[in-house]
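Text of query.tsv (TSV, C-alpha atoms) as supplied:
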```tsv
chain	number	residue	atom	x	y	z
A	1	MET	CA	14.38	101.93	288.25
A	2	ASN	CA	14.28	105.67	287.65
A	3	ASN	CA	15.47	105.15	284.07
A	4	LYS	CA	12.68	102.63	283.43
A	5	LEU	CA	10.14	105.03	284.92
A	6	LEU	CA	11.39	107.87	282.75
A	7	SER	CA	11.33	105.74	279.60
A	8	THR	CA	7.80	104.57	280.42
A	9	LYS	CA	6.64	108.18	280.89
A	10	HIS	CA	8.39	109.17	277.65
A	11	GLU	CA	6.64	106.40	275.71
A	12	ALA	CA	3.32	107.39	277.26
A	13	LEU	CA	3.88	111.01	276.22
A	14	LEU	CA	4.78	109.95	272.68
A	15	ALA	CA	1.71	107.71	272.47
A	16	GLY	CA	-0.49	110.52	273.75
A	17	ALA	CA	1.05	112.96	271.30
A	18	SER	CA	0.55	110.55	268.37
A	19	GLU	CA	-3.06	109.92	269.40
A	20	GLY	CA	-3.60	113.65	269.73
A	21	SER	CA	-2.08	114.37	266.33
A	22	THR	CA	-4.18	111.58	264.77
A	23	SER	CA	-7.36	113.00	266.27
A	24	VAL	CA	-6.41	116.49	265.06
A	25	VAL	CA	-5.82	115.16	261.54
A	26	LYS	CA	-9.14	113.29	261.58
A	27	SER	CA	-10.95	116.35	262.88
A	28	SER	CA	-9.41	118.66	260.27
A	29	LEU	CA	-10.13	116.12	257.51
A	30	PHE	CA	-13.75	115.86	258.63
A	31	ARG	CA	-14.10	119.64	258.65
A	32	TYR	CA	-12.51	119.85	255.21
A	33	LEU	CA	-14.86	117.21	253.77
A	34	ARG	CA	-17.89	118.86	255.37
A	35	ARG	CA	-16.89	122.27	254.02
A	36	ASN	CA	-16.23	120.96	250.48
A	37	HIS	CA	-18.86	118.23	250.26
A	38	PRO	CA	-20.63	119.86	247.25
A	39	LEU	CA	-17.46	119.40	245.19
A	40	TYR	CA	-17.21	115.74	246.13
A	41	LEU	CA	-20.88	115.23	245.30
A	42	MET	CA	-20.15	116.68	241.87
A	43	LEU	CA	-17.30	114.18	241.49
A	44	LEU	CA	-19.53	111.24	242.43
A	45	PRO	CA	-21.14	110.69	238.96
A	46	GLY	CA	-17.70	110.64	237.32
A	47	ILE	CA	-16.35	108.21	239.90
A	48	LEU	CA	-19.38	105.94	239.46
A	49	TYR	CA	-18.94	106.07	235.69
A	50	PHE	CA	-15.33	104.85	235.91
A	51	VAL	CA	-16.17	102.20	238.50
A	52	VAL	CA	-19.15	100.79	236.58
A	53	PHE	CA	-17.87	101.06	233.01
A	54	LYS	CA	-14.07	100.88	233.42
A	55	TYR	CA	-13.11	98.91	236.52
A	56	ILE	CA	-15.90	96.35	236.95
A	57	PRO	CA	-15.59	95.20	233.28
A	58	LEU	CA	-11.94	94.38	234.00
A	59	LEU	CA	-13.23	91.26	235.76
A	60	GLY	CA	-14.36	90.01	232.37
A	61	SER	CA	-10.73	89.82	231.24
A	62	VAL	CA	-10.66	86.25	232.56
A	63	ILE	CA	-12.60	85.29	229.41
A	64	ALA	CA	-9.29	85.57	227.53
A	65	PHE	CA	-8.06	82.51	229.46
A	66	GLN	CA	-11.25	80.46	229.09
A	67	ASP	CA	-13.17	78.60	226.43
A	68	TYR	CA	-16.00	80.98	227.13
A	69	ASN	CA	-19.54	79.70	226.80
A	70	ILE	CA	-22.22	82.35	226.94
A	71	TYR	CA	-24.63	79.94	228.67
A	72	LYS	CA	-22.14	78.89	231.36
A	73	GLY	CA	-20.77	82.35	232.03
A	74	PHE	CA	-17.18	83.12	233.00
A	75	LEU	CA	-17.61	81.46	236.39
A	76	LYS	CA	-18.24	77.99	234.92
A	77	SER	CA	-16.49	78.11	231.54
A	78	ASP	CA	-13.49	75.83	231.05
A	79	TRP	CA	-10.00	77.28	231.53
A	80	VAL	CA	-7.64	76.97	228.55
A	81	GLY	CA	-4.70	79.12	229.65
A	82	PHE	CA	-2.94	81.03	226.85
A	83	GLN	CA	-4.58	79.10	224.02
A	84	TRP	CA	-6.21	82.16	222.41
A	85	PHE	CA	-3.03	84.23	222.63
A	86	GLU	CA	-1.12	81.42	220.92
A	87	GLN	CA	-3.82	81.24	218.26
A	88	LEU	CA	-3.53	84.98	217.68
A	89	VAL	CA	0.27	84.99	217.44
A	90	THR	CA	0.35	81.94	215.14
A	91	TYR	CA	-2.42	83.30	212.90
A	92	PRO	CA	-0.94	83.39	209.35
A	93	GLN	CA	-1.93	87.03	208.84
A	94	PHE	CA	-0.90	88.22	212.31
A	95	LYS	CA	2.17	90.10	211.03
A	96	ARG	CA	0.04	91.86	208.44
A	97	LEU	CA	-2.52	92.86	211.09
A	98	ILE	CA	0.19	94.26	213.37
A	99	ALA	CA	1.92	96.04	210.49
A	100	ASN	CA	-1.30	97.66	209.26
A	101	THR	CA	-2.22	98.75	212.78
A	102	ILE	CA	1.19	100.25	213.53
A	103	ILE	CA	1.46	101.97	210.13
A	104	LEU	CA	-1.94	103.62	210.49
A	105	SER	CA	-1.15	104.65	214.07
A	106	PHE	CA	2.23	106.00	212.95
A	107	TYR	CA	0.56	108.04	210.20
A	108	GLN	CA	-1.90	109.43	212.72
A	109	ILE	CA	0.95	110.53	215.00
A	110	ILE	CA	2.99	112.04	212.15
A	111	PHE	CA	0.19	113.79	210.26
A	112	ALA	CA	-2.95	113.97	212.43
A	113	PHE	CA	-1.39	114.78	215.80
A	114	PRO	CA	0.45	118.00	214.75
A	115	ALA	CA	-2.54	119.31	212.75
A	116	PRO	CA	-4.55	120.71	215.72
A	117	ILE	CA	-1.37	122.19	217.22
A	118	ILE	CA	-0.64	124.12	214.01
A	119	LEU	CA	-4.29	125.13	213.70
A	120	ALA	CA	-4.41	126.36	217.31
A	121	CYS	CA	-1.30	128.48	216.76
A	122	LEU	CA	-2.83	129.97	213.60
A	123	LEU	CA	-6.11	130.73	215.36
A	124	ASN	CA	-4.19	132.30	218.21
A	125	GLU	CA	-2.73	134.82	215.77
A	126	LEU	CA	-6.16	136.06	214.67
A	127	ARG	CA	-6.91	139.42	216.25
A	128	HIS	CA	-10.50	139.91	215.07
A	129	PHE	CA	-12.50	138.24	217.88
A	130	ALA	CA	-15.78	137.71	215.97
A	131	PHE	CA	-14.03	136.23	212.92
A	132	LYS	CA	-11.93	133.99	215.16
A	133	ARG	CA	-15.05	132.60	216.91
A	134	MET	CA	-16.77	132.02	213.58
A	135	VAL	CA	-13.78	130.09	212.21
A	136	GLN	CA	-13.53	128.02	215.39
A	137	THR	CA	-17.23	127.12	215.22
A	138	LEU	CA	-16.97	126.02	211.59
A	139	LEU	CA	-13.93	123.89	212.39
A	140	TYR	CA	-15.68	122.23	215.36
A	141	LEU	CA	-18.73	121.12	213.33
A	142	PRO	CA	-17.22	118.02	211.61
A	143	HIS	CA	-16.54	116.46	215.02
A	144	PHE	CA	-20.29	116.08	215.59
A	145	LEU	CA	-20.78	114.12	212.36
A	146	SER	CA	-20.82	110.34	212.64
A	147	TRP	CA	-18.27	108.33	210.70
A	148	THR	CA	-21.11	107.00	208.55
A	149	ILE	CA	-21.89	110.53	207.36
A	150	VAL	CA	-18.18	111.29	206.88
A	151	TYR	CA	-17.76	108.18	204.73
A	152	GLY	CA	-20.83	109.24	202.76
A	153	LEU	CA	-19.18	112.60	202.07
A	154	VAL	CA	-15.94	110.88	201.07
A	155	TYR	CA	-17.92	108.61	198.75
A	156	MET	CA	-19.61	111.63	197.16
A	157	MET	CA	-16.16	113.13	196.54
A	158	PHE	CA	-14.18	110.09	195.37
A	159	SER	CA	-16.67	107.54	193.98
A	160	SER	CA	-15.64	106.24	190.57
A	161	GLN	CA	-19.19	106.64	189.23
A	162	THR	CA	-20.62	109.81	190.78
A	163	GLY	CA	-17.71	111.31	192.72
A	164	PHE	CA	-17.00	115.00	192.23
A	165	VAL	CA	-13.23	114.46	191.82
A	166	ASN	CA	-13.74	111.88	189.07
A	167	MET	CA	-16.27	114.11	187.34
A	168	VAL	CA	-13.60	116.81	187.20
A	169	LEU	CA	-11.01	114.30	185.93
A	170	VAL	CA	-13.34	113.14	183.16
A	171	TRP	CA	-14.17	116.73	182.26
A	172	ILE	CA	-10.49	117.62	181.75
A	173	GLY	CA	-9.89	114.46	179.72
A	174	TYR	CA	-8.57	111.87	182.22
A	175	GLU	CA	-9.87	108.43	183.05
A	176	PRO	CA	-11.80	108.06	186.34
A	177	ILE	CA	-9.86	106.57	189.26
A	178	SER	CA	-11.36	104.11	191.74
A	179	PHE	CA	-9.98	105.83	194.81
A	180	LEU	CA	-12.07	103.84	197.30
A	181	GLN	CA	-11.18	100.46	195.80
A	182	MET	CA	-7.45	100.98	195.30
A	183	PRO	CA	-5.19	99.92	198.22
A	184	GLU	CA	-2.65	102.69	197.50
A	185	TYR	CA	-5.23	105.39	198.30
A	186	PHE	CA	-6.80	103.72	201.36
A	187	ARG	CA	-4.48	105.07	204.05
A	188	THR	CA	-4.37	108.55	202.53
A	189	LEU	CA	-8.16	108.83	202.49
A	190	LEU	CA	-8.43	107.35	205.99
A	191	ILE	CA	-5.93	109.70	207.62
A	192	SER	CA	-7.13	112.76	205.67
A	193	SER	CA	-10.77	112.22	206.63
A	194	GLY	CA	-9.72	111.75	210.27
A	195	ILE	CA	-7.79	115.01	210.23
A	196	TRP	CA	-10.73	116.87	208.67
A	197	LYS	CA	-13.18	115.47	211.22
A	198	GLU	CA	-11.21	115.86	214.46
A	199	MET	CA	-8.66	118.60	213.83
A	200	GLY	CA	-10.92	121.50	214.86
A	201	TRP	CA	-12.22	119.79	217.99
A	202	SER	CA	-8.73	118.81	219.13
A	203	THR	CA	-7.61	122.44	219.05
A	204	ILE	CA	-9.67	123.15	222.19
A	205	ILE	CA	-6.98	121.74	224.50
A	206	PHE	CA	-4.17	123.62	222.77
A	207	LEU	CA	-6.13	126.88	222.68
A	208	ALA	CA	-6.68	126.51	226.41
A	209	ALA	CA	-2.93	125.97	226.87
A	210	LEU	CA	-2.23	129.09	224.79
A	211	ALA	CA	-4.70	131.10	226.87
A	212	GLY	CA	-2.70	130.14	229.97
A	213	ILE	CA	0.48	131.81	228.68
A	214	SER	CA	0.96	135.17	230.38
A	215	PRO	CA	0.85	138.18	227.98
A	216	SER	CA	3.82	139.61	229.89
A	217	TYR	CA	6.04	136.99	228.25
A	218	TYR	CA	5.09	138.25	224.81
A	219	GLU	CA	5.61	141.87	225.92
A	220	ALA	CA	9.05	141.04	227.24
A	221	ALA	CA	9.90	139.23	223.99
A	222	ARG	CA	8.77	142.21	221.91
A	223	ILE	CA	10.86	144.56	224.05
A	224	ASP	CA	13.86	142.33	223.37
A	225	GLY	CA	13.19	142.70	219.65
A	226	ALA	CA	11.63	139.29	218.97
A	227	GLY	CA	9.39	139.01	215.93
A	228	ARG	CA	6.41	136.70	215.51
A	229	TRP	CA	8.56	133.66	214.74
A	230	LYS	CA	10.91	134.25	217.67
A	231	GLN	CA	7.91	134.74	219.95
A	232	PHE	CA	6.52	131.40	218.78
A	233	VAL	CA	9.83	129.60	219.29
A	234	HIS	CA	10.67	131.06	222.71
A	235	VAL	CA	7.22	131.72	224.24
A	236	THR	CA	4.35	129.96	222.46
A	237	PHE	CA	5.93	126.56	221.86
A	238	PRO	CA	7.39	126.18	225.40
A	239	GLY	CA	3.95	127.09	226.75
A	240	LEU	CA	2.36	124.39	224.62
A	241	LEU	CA	5.01	121.75	225.33
A	242	PRO	CA	3.46	120.26	228.52
A	243	ALA	CA	0.09	119.72	226.78
A	244	ILE	CA	1.81	118.32	223.69
A	245	VAL	CA	3.87	115.84	225.73
A	246	ILE	CA	0.91	114.59	227.77
A	247	LEU	CA	-1.33	114.10	224.72
A	248	LEU	CA	1.49	112.45	222.77
A	249	LEU	CA	2.10	110.02	225.63
A	250	LEU	CA	-1.59	109.16	225.74
A	251	LYS	CA	-1.53	108.63	221.98
A	252	ILE	CA	1.45	106.30	222.28
A	253	GLY	CA	-0.44	104.36	224.96
A	254	HIS	CA	-3.22	103.78	222.41
A	255	VAL	CA	-0.88	102.97	219.53
A	256	LEU	CA	-2.82	99.80	218.68
A	257	ASP	CA	-6.16	101.64	218.68
A	258	VAL	CA	-6.65	103.27	215.29
A	259	GLY	CA	-10.42	103.75	215.37
A	260	PHE	CA	-12.54	100.70	214.59
A	261	GLU	CA	-15.58	102.51	213.19
A	262	GLN	CA	-13.62	104.62	210.74
A	263	VAL	CA	-11.50	101.74	209.44
A	264	TYR	CA	-14.46	99.36	209.21
A	265	LEU	CA	-16.50	101.78	207.12
A	266	PHE	CA	-13.65	102.49	204.70
A	267	LEU	CA	-12.67	98.83	204.43
A	268	ASN	CA	-13.72	96.66	201.48
A	269	PRO	CA	-12.47	93.33	200.02
A	270	THR	CA	-9.96	95.06	197.72
A	271	THR	CA	-8.32	97.02	200.55
A	272	LEU	CA	-8.15	94.28	203.19
A	273	LYS	CA	-4.43	93.69	202.72
A	274	VAL	CA	-3.58	97.28	203.72
A	275	GLY	CA	-6.58	98.16	205.85
A	276	GLU	CA	-7.46	95.25	208.12
A	277	VAL	CA	-6.28	95.95	211.67
A	278	LEU	CA	-6.56	94.18	215.01
A	279	ASP	CA	-9.92	95.81	215.79
A	280	THR	CA	-11.59	94.74	212.54
A	281	TYR	CA	-10.15	91.24	212.86
A	282	ALA	CA	-11.45	91.00	216.44
A	283	TYR	CA	-14.89	92.12	215.24
A	284	ARG	CA	-15.02	89.53	212.45
A	285	GLN	CA	-13.68	86.64	214.48
A	286	GLY	CA	-14.99	87.49	217.92
A	287	ILE	CA	-18.31	89.26	217.49
A	288	LEU	CA	-19.56	87.97	214.15
A	289	GLY	CA	-18.01	84.53	214.72
A	290	GLY	CA	-19.15	84.28	218.33
A	291	GLN	CA	-15.61	83.70	219.64
A	292	TYR	CA	-15.76	86.09	222.57
A	293	SER	CA	-12.61	84.69	224.14
A	294	VAL	CA	-10.64	85.62	221.01
A	295	THR	CA	-11.96	89.19	221.14
A	296	THR	CA	-11.07	89.51	224.83
A	297	ALA	CA	-7.59	88.08	224.22
A	298	ILE	CA	-6.96	90.64	221.47
A	299	GLY	CA	-8.19	93.45	223.71
A	300	LEU	CA	-5.97	92.31	226.58
A	301	PHE	CA	-3.01	91.96	224.22
A	302	LYS	CA	-3.51	95.54	223.01
A	303	SER	CA	-3.83	96.83	226.58
A	304	VAL	CA	-0.60	95.19	227.75
A	305	ILE	CA	1.35	96.46	224.73
A	306	GLY	CA	-0.12	99.96	225.10
A	307	PHE	CA	0.63	100.10	228.82
A	308	THR	CA	4.22	98.95	228.27
A	309	LEU	CA	4.81	101.54	225.56
A	310	LEU	CA	3.26	104.23	227.76
A	311	ILE	CA	5.62	103.45	230.64
A	312	MET	CA	8.64	103.45	228.34
A	313	ALA	CA	7.64	106.68	226.58
A	314	ASN	CA	6.91	108.37	229.91
A	315	GLN	CA	10.37	107.53	231.25
A	316	ILE	CA	12.05	108.78	228.06
A	317	SER	CA	9.97	111.97	228.13
A	318	LYS	CA	10.89	112.71	231.75
A	319	LYS	CA	14.59	112.31	230.99
A	320	VAL	CA	14.50	114.38	227.78
A	321	SER	CA	11.97	117.15	228.50
A	322	GLY	CA	11.23	116.82	232.21
A	323	GLU	CA	7.52	116.37	231.42
A	324	GLY	CA	5.53	113.20	232.02
A	325	LEU	CA	2.22	111.73	233.07
A	326	PHE	CA	3.52	110.44	236.40
```

Once you've parsed the file, please lay out its structure as structure tokens.
Amino acid sequence: MNNKLLSTKHEALLAGASEGSTSVVKSSLFRYLRRNHPLYLMLLPGILYFVVFKYIPLLGSVIAFQDYNIYKGFLKSDWVGFQWFEQLVTYPQFKRLIANTIILSFYQIIFAFPAPIILACLLNELRHFAFKRMVQTLLYLPHFLSWTIVYGLVYMMFSSQTGFVNMVLVWIGYEPISFLQMPEYFRTLLISSGIWKEMGWSTIIFLAALAGISPSYYEAARIDGAGRWKQFVHVTFPGLLPAIVILLLLKIGHVLDVGFEQVYLFLNPTTLKVGEVLDTYAYRQGILGGQYSVTTAIGLFKSVIGFTLLIMANQISKKVSGEGLF
């Protein structure tokens, strides 16, 4: 009887302690939220943006499994299962679409991704502050140009009739070259214009990472006799590595997204075989053709592939470098 009484009292004490600790936690949480409520109010627009434009539209993914009718809506449209995915995979040009998409994405990773890293390291070596700011500003400007204007500039440079490059070729005695109509030049022009447009803007993240490296590391390296190259290898690059890994993982997660607007503007009937990608095909079949279910199926297909690659790349990165997204 005494043992039962003691156990009952012990349970009551534990229950009271747990209730007390819960109330303390709630009270401290309430005080914390009340003290920092301006910060959470500042977060509210961003949270609403993601909820309204990122999460709610996910409900529309069901269109990929329906014979969607715009008048019936996705609540009353007929279900067709994986019909549109089968249609995509059995499309005669599906392999070409996938190959073009992966090749362009691979070129972007190989050539476009390292460009802002190299540029940020070069800018970091400039010691004249005013000149450095001027160069940064000039390099940022192309980012604010639309792809329509960028294509116009490319046309002015490489047009077979009025392009500056062909005018120079004719002047020195060569025949003009139709750069914009020849498939062998399509990917080079596409990737090069993308690098020119976004390279300066992308350096912002890497310059911020460089600014976070303590000057004491460089001082210690100089004391040990390290030159500029050794300082880059042992101080600068390790300081940049976390930012590089995270951005590379995000890029791998979007491996099937190569930039619809850019590709669509550069594309023409003579370059379709090397330039048509999943996005342009989805636009032609889904938007122009009114097959919204096909467009949604392609988008869902890209998302699943991208998410799978992101998980795999993240696991490999954590094992190799110890850095990862999660």

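Compared by their closest atoms to Ala297 (chain A), and using only C-alpha atoms, the residues A:Leu122, A:Leu278, A:Val255, A:Ile109 rank with A:Leu278 nearest.
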
Minimum-distance residue to Asp257 (chain A), chosen among A:Leu39, A:Ile110, A:Ile102, A:Ile205 (using all atoms listed in the file): A:Ile102

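Closest to Ile204 (chain A) among A:Gly299, A:Gly275, A:Pro116, A:Gly259 is A:Pro116, based on only C-alpha atoms.
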
For Ala221 (chain A), list every protein, DNA or RNA residue within 12 Å, evaluated using all atoms listed in the file, and leave out those in the same chain fewer than 4 positions away; present the list as a VMD selection string. chain A and resid 214 to 217 225 to 236

I need the residue nearest Ile191 (chain A) from this list: A:Gln66, A:Gln108, A:Gln285, A:Ser303. Use all atoms listed in the file for the distance.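 Selected residue with least distance to Ile191 (chain A): A:Gln108.
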
Determine, counting all atoms listed in the file, every residue of protein, DNA or RNA that lies within 7 Å of (-16.8, 106.6, 213.7) in the file coordinates, then give the result as a short mmCIF file (atom, residue, chain, number, x, y, z; two decimals) with C-alpha atoms, in the frame of the given file.
```cif
data_model
loop_
_atom_site.label_atom_id
_atom_site.label_comp_id
_atom_site.auth_asym_id
_atom_site.auth_seq_id
_atom_site.Cartn_x
_atom_site.Cartn_y
_atom_site.Cartn_z
CA SER A 146 -20.82 110.34 212.64
CA TRP A 147 -18.27 108.33 210.70
CA THR A 148 -21.11 107.00 208.55
CA GLU A 261 -15.58 102.51 213.19
CA GLN A 262 -13.62 104.62 210.74
#
```

List as a list in words the protein and nucleic acid residues near Tyr185 (chain A), meaning an atom at most 12 Å away when only C-alpha atoms are counted, but skip any in the same chain fewer than 4 places from it. Phe158, Ile177, Ser178, Phe179, Leu180, Gln181, Leu189, Leu190, Ile191, Ser192, Phe266, Leu267, Thr270, Thr271, Val274 and Gly275 of chain A

Name the residues in contact with Leu248 (chain A) at a cut-off of 12 Å, using only C-alpha atoms, excluding same-chain residues fewer than 5 positions from it; report them as a short mmCIF file (atom, residue, chain, number, x, y, z; two decimals) with C-alpha atoms, in the frame of the given file.
```
data_model
loop_
_atom_site.label_atom_id
_atom_site.label_comp_id
_atom_site.auth_asym_id
_atom_site.auth_seq_id
_atom_site.Cartn_x
_atom_site.Cartn_y
_atom_site.Cartn_z
CA SER A 105 -1.15 104.65 214.07
CA PHE A 106 2.23 106.00 212.95
CA GLN A 108 -1.90 109.43 212.72
CA ILE A 109 0.95 110.53 215.00
CA ILE A 110 2.99 112.04 212.15
CA ALA A 112 -2.95 113.97 212.43
CA PHE A 113 -1.39 114.78 215.80
CA PRO A 114 0.45 118.00 214.75
CA ILE A 117 -1.37 122.19 217.22
CA LEU A 241 5.01 121.75 225.33
CA PRO A 242 3.46 120.26 228.52
CA ALA A 243 0.09 119.72 226.78
CA GLY A 253 -0.44 104.36 224.96
CA HIS A 254 -3.22 103.78 222.41
CA VAL A 255 -0.88 102.97 219.53
CA LEU A 309 4.81 101.54 225.56
CA LEU A 310 3.26 104.23 227.76
CA ALA A 313 7.64 106.68 226.58
CA ASN A 314 6.91 108.37 229.91
CA SER A 317 9.97 111.97 228.13
CA GLU A 323 7.52 116.37 231.42
CA GLY A 324 5.53 113.20 232.02
CA LEU A 325 2.22 111.73 233.07
#
```

What does the distance between CA of Phe111 (chain A) and CA of Leu138 (chain A) come to in Å, to one decimal place?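 Spanning CA of Phe111 (chain A) to CA of Leu138 (chain A) is a straight-line distance of 21.1 Å.
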
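Closest approach to Gly73 (chain A) among A:Pro176, A:Leu41, A:Pro269, A:Ser293: A:Ser293, based on all atoms listed in the file.
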
Computed interatomic separation between CA of Thr90 (chain A) and CA of Tyr281 (chain A) (Å): 14.2 Å

Between CA of Gly306 (chain A) and CA of Thr101 (chain A), what distance in Å does the model show, to one decimal?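 If I compute the distance from CA of Gly306 (chain A) to CA of Thr101 (chain A), I get 12.6 Å.
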
Find the residues near Leu169 (chain A): any atom within 12 Å, counting all atoms listed in the file, skip ones fewer than 4 places away on the same chain, and give them as a PyMOL selection string. chain A and resi 157-165+173-178

Selected residues, C-alpha atoms, written as a short mmCIF file (atom, residue, chain, number, x, y, z; two decimals), in the coordinates of the input, please.
```
data_model
loop_
_atom_site.label_atom_id
_atom_site.label_comp_id
_atom_site.auth_asym_id
_atom_site.auth_seq_id
_atom_site.Cartn_x
_atom_site.Cartn_y
_atom_site.Cartn_z
CA MET A 157 -16.16 113.13 196.54
CA PHE A 158 -14.18 110.09 195.37
CA SER A 159 -16.67 107.54 193.98
CA SER A 160 -15.64 106.24 190.57
CA GLN A 161 -19.19 106.64 189.23
CA THR A 162 -20.62 109.81 190.78
CA GLY A 163 -17.71 111.31 192.72
CA PHE A 164 -17.00 115.00 192.23
CA VAL A 165 -13.23 114.46 191.82
CA GLY A 173 -9.89 114.46 179.72
CA TYR A 174 -8.57 111.87 182.22
CA GLU A 175 -9.87 108.43 183.05
CA PRO A 176 -11.80 108.06 186.34
CA ILE A 177 -9.86 106.57 189.26
CA SER A 178 -11.36 104.11 191.74
#
```

Shortest interatomic distance to Phe237 (chain A) - which of A:Ala209, A:Phe82, A:Lys251, A:Ala64, counting all atoms listed in the file: A:Ala209
